[in-house]
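J.: Got a structure for you, input-v5.tsv, holding TSV, C-alpha atoms and all ligand atoms.
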```
chain	number	residue	atom	x	y	z
Z	25	MET	CA	75.53	115.00	107.79
Z	26	HIS	CA	78.44	112.58	108.19
Z	27	GLN	CA	81.83	114.26	108.52
Z	28	LEU	CA	84.83	113.14	106.47
Z	29	VAL	CA	88.32	114.62	106.64
Z	30	PHE	CA	90.36	114.98	103.46
Z	31	ALA	CA	93.96	114.88	104.72
Z	32	THR	CA	95.26	117.63	102.48
Z	33	ASN	CA	95.78	121.37	102.49
Z	34	ASN	CA	95.60	121.56	98.69
Z	35	GLU	CA	92.75	124.04	98.12
Z	36	HIS	CA	92.22	122.87	94.55
Z	37	LYS	CA	91.70	119.22	95.58
Z	38	LEU	CA	89.46	120.22	98.51
Z	39	ARG	CA	87.18	122.33	96.32
Z	40	GLU	CA	86.94	119.60	93.68
Z	41	LEU	CA	85.99	116.87	96.20
Z	42	GLY	CA	83.75	119.18	98.23
Z	43	GLU	CA	81.68	119.82	95.10
Z	44	ILE	CA	81.38	116.12	94.26
Z	45	LEU	CA	80.40	115.01	97.78
Z	46	LYS	CA	78.13	117.99	98.45
Z	47	GLY	CA	74.84	117.01	100.12
Z	48	GLU	CA	76.13	113.55	101.15
Z	49	PHE	CA	79.16	114.32	103.32
Z	50	SER	CA	80.50	117.34	105.10
Z	51	LEU	CA	84.11	117.49	103.92
Z	52	LEU	CA	86.65	118.84	106.43
Z	53	SER	CA	90.21	119.97	105.72
Z	54	LEU	CA	93.22	119.57	108.00
Z	55	ASN	CA	92.72	123.21	109.00
Z	56	ASP	CA	89.13	122.46	110.03
Z	57	ILE	CA	90.33	119.87	112.56
Z	58	SER	CA	93.22	122.13	113.66
Z	59	CYS	CA	95.86	119.76	112.38
Z	60	SER	CA	98.81	121.95	111.49
Z	61	GLU	CA	101.59	119.35	111.75
Z	62	GLU	CA	103.50	118.21	108.68
Z	63	ILE	CA	102.12	114.69	108.10
Z	64	PRO	CA	105.01	112.29	107.40
Z	65	GLU	CA	105.23	110.58	103.99
Z	66	THR	CA	108.07	108.12	104.36
Z	67	GLY	CA	106.70	105.09	102.49
Z	68	ASN	CA	108.30	103.44	99.47
Z	69	THR	CA	105.02	103.12	97.57
Z	70	LEU	CA	102.04	105.35	96.80
Z	71	GLU	CA	99.84	102.94	98.77
Z	72	ALA	CA	102.11	103.14	101.83
Z	73	ASN	CA	102.16	106.94	101.75
Z	74	ALA	CA	98.41	107.32	101.30
Z	75	SER	CA	97.87	104.83	104.16
Z	76	GLN	CA	100.38	106.56	106.39
Z	77	LYS	CA	98.63	109.91	105.96
Z	78	SER	CA	95.15	108.50	106.61
Z	79	PHE	CA	96.16	106.51	109.69
Z	80	TYR	CA	98.02	109.53	111.04
Z	81	ILE	CA	94.67	111.34	111.17
Z	82	TRP	CA	92.63	108.35	112.34
Z	83	ASP	CA	95.06	107.50	115.17
Z	84	ARG	CA	95.03	111.04	116.54
Z	85	TYR	CA	91.53	112.32	115.82
Z	86	LYS	CA	89.39	109.15	115.41
Z	87	ILE	CA	87.50	110.78	112.52
Z	88	ASP	CA	86.69	109.01	109.25
Z	89	CYS	CA	89.12	110.34	106.66
Z	90	PHE	CA	90.90	109.83	103.35
Z	91	SER	CA	94.11	110.92	101.67
Z	92	ASP	CA	95.71	110.55	98.25
Z	93	ASP	CA	99.16	110.07	96.82
Z	94	THR	CA	100.16	110.37	93.17
Z	95	GLY	CA	103.18	109.43	91.11
Z	96	LEU	CA	104.34	109.60	87.50
Z	97	GLU	CA	105.83	106.27	86.39
Z	98	ILE	CA	108.02	106.42	83.27
Z	99	ALA	CA	108.80	103.06	81.64
Z	100	ALA	CA	112.24	103.98	80.25
Z	101	LEU	CA	113.28	105.29	83.67
Z	102	ASN	CA	112.41	102.11	85.56
Z	103	ASN	CA	109.11	103.64	86.65
Z	104	GLU	CA	110.86	106.65	88.16
Z	105	PRO	CA	110.06	109.20	89.54
Z	106	GLY	CA	107.07	107.26	90.95
Z	107	VAL	CA	106.65	107.77	94.65
Z	108	ARG	CA	109.36	110.49	94.51
Z	109	SER	CA	107.49	112.58	91.90
Z	110	ALA	CA	107.11	115.67	94.11
Z	111	ARG	CA	110.83	115.83	94.91
Z	112	TYR	CA	112.37	114.25	91.80
Z	113	ALA	CA	114.75	117.17	91.24
Z	114	GLY	CA	115.66	117.28	94.93
Z	115	GLU	CA	114.27	118.70	98.19
Z	116	GLY	CA	113.13	122.29	97.87
Z	117	ARG	CA	112.91	122.15	94.06
Z	118	ASN	CA	109.66	122.85	92.22
Z	119	SER	CA	107.59	121.34	89.39
Z	120	GLU	CA	109.53	123.35	86.80
Z	121	ASP	CA	112.74	121.66	87.94
Z	122	ASN	CA	111.07	118.24	88.01
Z	123	VAL	CA	109.81	118.63	84.43
Z	124	THR	CA	113.22	119.81	83.24
Z	125	LYS	CA	114.85	116.78	84.86
Z	126	VAL	CA	112.41	114.37	83.15
Z	127	LEU	CA	112.94	115.98	79.72
Z	128	HIS	CA	116.68	115.75	80.22
Z	129	ALA	CA	116.56	112.12	81.37
Z	130	LEU	CA	114.51	111.15	78.29
Z	131	GLN	CA	116.60	113.05	75.75
Z	132	GLY	CA	116.98	110.84	72.65
Z	133	GLU	CA	114.80	108.11	74.21
Z	134	LYS	CA	112.29	106.50	71.82
Z	135	ASN	CA	110.19	104.77	74.49
Z	136	ARG	CA	108.16	107.63	75.97
Z	137	LYS	CA	105.49	105.49	77.67
Z	138	ALA	CA	104.38	106.65	81.10
Z	139	CYS	CA	101.46	106.56	83.47
Z	140	PHE	CA	100.14	108.62	86.32
Z	141	ARG	CA	98.92	106.54	89.24
Z	142	CYS	CA	96.83	107.87	92.11
Z	143	VAL	CA	96.01	105.91	95.25
Z	144	ILE	CA	93.35	106.97	97.73
Z	145	SER	CA	93.26	105.49	101.23
Z	146	LEU	CA	89.89	105.82	102.97
Z	147	ILE	CA	89.41	104.94	106.63
Z	148	ILE	CA	85.93	104.30	107.95
Z	149	ASN	CA	85.70	103.41	111.62
Z	150	GLY	CA	89.33	102.23	111.65
Z	151	LYS	CA	89.02	100.00	108.58
Z	152	GLU	CA	90.95	100.94	105.42
Z	153	TYR	CA	89.68	100.85	101.83
Z	154	LEU	CA	92.05	101.55	98.89
Z	155	PHE	CA	91.10	102.96	95.48
Z	156	GLU	CA	93.43	103.33	92.50
Z	157	GLY	CA	93.15	105.34	89.32
Z	158	ARG	CA	95.60	105.50	86.43
Z	159	ALA	CA	96.10	107.43	83.22
Z	160	ASP	CA	98.35	105.97	80.53
Z	161	GLY	CA	100.11	108.12	77.98
Z	162	GLU	CA	103.43	109.43	76.67
Z	163	ILE	CA	105.98	112.00	77.76
Z	164	LEU	CA	106.31	114.76	75.15
Z	165	THR	CA	109.70	116.03	74.01
Z	166	GLU	CA	108.87	119.60	75.13
Z	167	ARG	CA	106.37	121.48	77.34
Z	168	ARG	CA	102.96	122.23	75.86
Z	169	GLY	CA	100.10	124.22	77.42
Z	170	ALA	CA	99.69	126.45	80.45
Z	171	ALA	CA	96.80	124.91	82.41
Z	172	GLY	CA	97.03	122.33	85.17
Z	173	PHE	CA	100.07	121.81	87.35
Z	174	GLY	CA	103.04	119.53	87.99
Z	175	TYR	CA	103.97	117.33	85.04
Z	176	ASP	CA	100.84	118.24	83.02
Z	177	PRO	CA	102.69	120.16	80.24
Z	178	ILE	CA	104.72	117.09	79.23
Z	179	PHE	CA	102.07	114.36	79.60
Z	180	CYS	CA	99.85	113.41	76.65
Z	181	PRO	CA	97.19	110.79	77.53
Z	182	ASP	CA	96.65	107.87	75.12
Z	183	GLY	CA	94.03	108.62	72.47
Z	184	TYR	CA	94.48	112.41	72.67
Z	185	SER	CA	96.75	114.85	70.86
Z	186	GLN	CA	96.71	117.48	73.62
Z	187	SER	CA	98.84	117.48	76.76
Z	188	PHE	CA	97.01	117.59	80.13
Z	189	ALA	CA	98.08	121.26	80.32
Z	190	GLU	CA	96.35	122.04	77.01
Z	191	MET	CA	93.03	120.54	78.13
Z	192	ASP	CA	90.08	122.11	79.85
Z	193	SER	CA	90.25	121.01	83.51
Z	194	LEU	CA	86.83	119.34	83.27
Z	195	VAL	CA	88.11	117.14	80.44
Z	196	LYS	CA	91.35	116.36	82.27
Z	197	ASN	CA	89.42	115.45	85.45
Z	198	THR	CA	87.29	112.87	83.67
Z	199	LEU	CA	90.28	111.00	82.24
Z	200	SER	CA	92.96	111.63	84.83
Z	201	HIS	CA	94.37	109.18	87.37
Z	202	ARG	CA	92.91	111.22	90.25
Z	203	GLY	CA	89.59	111.53	88.43
Z	204	HIS	CA	89.36	107.74	88.12
Z	205	ALA	CA	90.38	107.12	91.75
Z	206	VAL	CA	87.91	109.74	92.96
Z	207	GLN	CA	85.12	108.21	90.87
Z	208	LYS	CA	85.77	104.86	92.62
Z	209	LEU	CA	85.83	106.57	96.03
Z	210	VAL	CA	82.58	108.42	95.36
Z	211	ARG	CA	80.86	105.29	94.06
Z	212	PHE	CA	81.90	103.48	97.25
Z	213	LEU	CA	80.76	106.31	99.51
Z	214	THR	CA	77.40	106.68	97.82
Z	215	ASP	CA	76.62	102.99	97.04
Z	216	ASP	CA	78.35	100.87	99.70
Z	217	TYR	CA	78.99	103.20	102.61
Z	218	PRO	CA	75.36	103.40	103.83
Z	219	TYR	CA	75.37	99.62	104.30
Z	220	LEU	CA	78.69	99.26	106.15
Z	221	PRO	CA	78.34	97.74	109.64
Z	222	ASN	CA	79.22	100.10	112.54
Z	223	ARG	CA	79.90	103.01	110.28
D	1	LIG	P1	100.63	114.50	95.17
D	1	LIG	O1	100.72	113.12	95.72
D	1	LIG	O2	99.25	114.85	94.69
D	1	LIG	O3	101.22	115.53	96.07
D	1	LIG	O4	101.51	114.51	93.84
D	1	LIG	C1	102.90	114.24	93.81
D	1	LIG	C2	103.52	114.98	92.65
D	1	LIG	O5	102.99	114.42	91.43
D	1	LIG	C3	103.15	116.46	92.63
D	1	LIG	O6	104.16	117.23	93.17
D	1	LIG	C4	102.97	116.77	91.16
D	1	LIG	O7	104.18	117.26	90.66
D	1	LIG	C5	102.67	115.44	90.52
D	1	LIG	N1	101.26	115.37	90.17
D	1	LIG	C6	100.22	114.90	90.93
D	1	LIG	N2	99.07	114.96	90.25
D	1	LIG	C7	99.37	115.49	89.05
D	1	LIG	C8	98.57	115.80	87.91
D	1	LIG	O8	97.34	115.62	87.87
D	1	LIG	N3	99.23	116.32	86.85
D	1	LIG	C9	100.57	116.55	86.85
D	1	LIG	N4	101.34	116.29	87.88
D	1	LIG	C10	100.75	115.75	88.97
```
What is this file in structure tokens?
Ligand code: IMP
T.:
Amino acid sequence: MHQLVFATNNEHKLRELGEILKGEFSLLSLNDISCSEEIPETGNTLEANASQKSFYIWDRYKIDCFSDDTGLEIAALNNEPGVRSARYAGEGRNSEDNVTKVLHALQGEKNRKACFRCVISLIINGKEYLFEGRADGEILTERRGAAGFGYDPIFCPDGYSQSFAEMDSLVKNTLSHRGHAVQKLVRFLTDDYPYLPNR
């Protein structure tokens, strides 16, 4: 079976993708290829960061691989925190702090429109393919729900009354930014990949 590295150490993401690609690809983690270095993420865009992580692995290990990068873009905040979503409240701060900072920044703000964007960079035989998924919605005025992670408790997707953190994870995965990007990746790997030259 063809091996594919997912450049992440996030167990949750690895399990999710491993399930989806089961039988078609053997998914390897960074641990599996003995990559213990901190992979740099110094780009100014989600695309640049996803690319940087994938090429870091390709350049050193010459194994087909992919990586993802996600950001929450809030219209009233000039699309902040965007590429800085993980460290919005500062280095060493956690998701709790990030959510608190967003709620504070939007206090009294009527325009609550926001979107999650996820970019996946896939490298097959040195050639890059990008996939994007997005979820549009609104930032709530307070936290709701205990499931999920990150900004889930304050994000309500368009057309739903529940926050991501109030939803069953299966439901969230079908309508989330990452879910959409992963669906595009999987469609590519199952439909187009077998016909790529020199794969
Ligand atoms: P990463 O690129 O997946 O590491 O995500 C960057 C930051 O965006 C994370 O630290 C999370 O706070 C946030 N994030 C990513 N995906 C989600 C999600 O599905 N729900 C809520 N927050 C997310």
J.: Could you tell me how far atom CA of Z:Asp192 sits from atom CA of Z:Val29, in Å to one decimal place?
T.: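 According to the coordinates, atom CA of Z:Val29 and atom CA of Z:Asp192 are separated by 27.9 Å.
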J.: Give as a ChimeraX atom specification the set of residues within 9 Å of the point (88.4, 109.4, 106.8), where distances use the file's coordinates and only C-alpha atoms.
T.: /Z:27-31,78-79,81-82,86-91,145-150,152
J.: For Z:Arg84, which residue out of Z:Val126, Z:Cys59, Z:Leu96, Z:Asn68 is the nearest one, using only C-alpha atoms?
T.: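 Closest residue, counting only C-alpha atoms: Z:Cys59.
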J.: Which residue is closest to ligand LIG 1 (chain D)? Choose from Z:Asp83, Z:Asp56, Z:Asp92, Z:Asp121 and count all atoms listed in the file.
T.: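 Nearest to ligand LIG 1 (chain D): Z:Asp92.
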J.: Please check which protein, DNA or RNA residues sit within 7 Å of ligand LIG 1 (chain D), counting all atoms listed in the file, and write them as a list in words.
T.: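 With all atoms listed in the file and a cut-off of 7 Å, ligand LIG 1 (chain D) is contacted by Asp92, Asp93, Thr94, Gly95, Leu96, Ser109, Ala110, Ser119, Gly172, Phe173, Gly174, Tyr175, Asp176, Ser200 and Arg202 of chain Z.
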J.: Calculated over all atoms listed in the file, which of the candidates Z:Gly116, Z:Gly67, Z:Gly106, Z:Gly183 has the smallest distance to Z:Glu162?
T.: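 Residue with the minimum atom-to-atom distance to Z:Glu162: Z:Gly183.
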J.: Please, could N, CA and C atoms be added to stretch 84-99 of chain Z and the result written as a tab-separated table (two decimals), keeping the file's coordinate frame?
T.:
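result.tsv, written as the output of this step:
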```tsv
chain	number	residue	atom	x	y	z
Z	84	ARG	N	95.05	109.88	115.64
Z	84	ARG	CA	95.03	111.04	116.54
Z	84	ARG	C	93.65	111.64	116.76
Z	85	TYR	N	92.81	111.60	115.75
Z	85	TYR	CA	91.53	112.32	115.82
Z	85	TYR	C	90.30	111.40	115.83
Z	86	LYS	N	90.51	110.12	115.46
Z	86	LYS	CA	89.39	109.15	115.41
Z	86	LYS	C	88.21	109.69	114.58
Z	87	ILE	N	88.54	110.30	113.45
Z	87	ILE	CA	87.50	110.78	112.52
Z	87	ILE	C	87.70	110.05	111.20
Z	88	ASP	N	86.60	109.64	110.57
Z	88	ASP	CA	86.69	109.01	109.25
Z	88	ASP	C	87.40	109.98	108.30
Z	89	CYS	N	88.29	109.44	107.46
Z	89	CYS	CA	89.12	110.34	106.66
Z	89	CYS	C	89.66	109.63	105.41
Z	90	PHE	N	90.19	110.41	104.49
Z	90	PHE	CA	90.90	109.83	103.35
Z	90	PHE	C	92.04	110.74	102.92
Z	91	SER	N	93.00	110.13	102.20
Z	91	SER	CA	94.11	110.92	101.67
Z	91	SER	C	94.53	110.31	100.34
Z	92	ASP	N	95.29	111.06	99.56
Z	92	ASP	CA	95.71	110.55	98.25
Z	92	ASP	C	97.21	110.73	98.06
Z	93	ASP	N	97.76	109.90	97.19
Z	93	ASP	CA	99.16	110.07	96.82
Z	93	ASP	C	99.29	109.72	95.34
Z	94	THR	N	100.06	110.53	94.62
Z	94	THR	CA	100.16	110.37	93.17
Z	94	THR	C	101.61	110.27	92.73
Z	95	GLY	N	101.84	109.50	91.67
Z	95	GLY	CA	103.18	109.43	91.11
Z	95	GLY	C	103.14	109.27	89.60
Z	96	LEU	N	104.18	109.76	88.95
Z	96	LEU	CA	104.34	109.60	87.50
Z	96	LEU	C	105.36	108.49	87.28
Z	97	GLU	N	104.94	107.41	86.61
Z	97	GLU	CA	105.83	106.27	86.39
Z	97	GLU	C	106.23	106.22	84.92
Z	98	ILE	N	107.53	106.35	84.65
Z	98	ILE	CA	108.02	106.42	83.27
Z	98	ILE	C	108.77	105.13	82.95
Z	99	ALA	N	108.28	104.40	81.93
Z	99	ALA	CA	108.80	103.06	81.64
Z	99	ALA	C	110.31	103.07	81.41
```
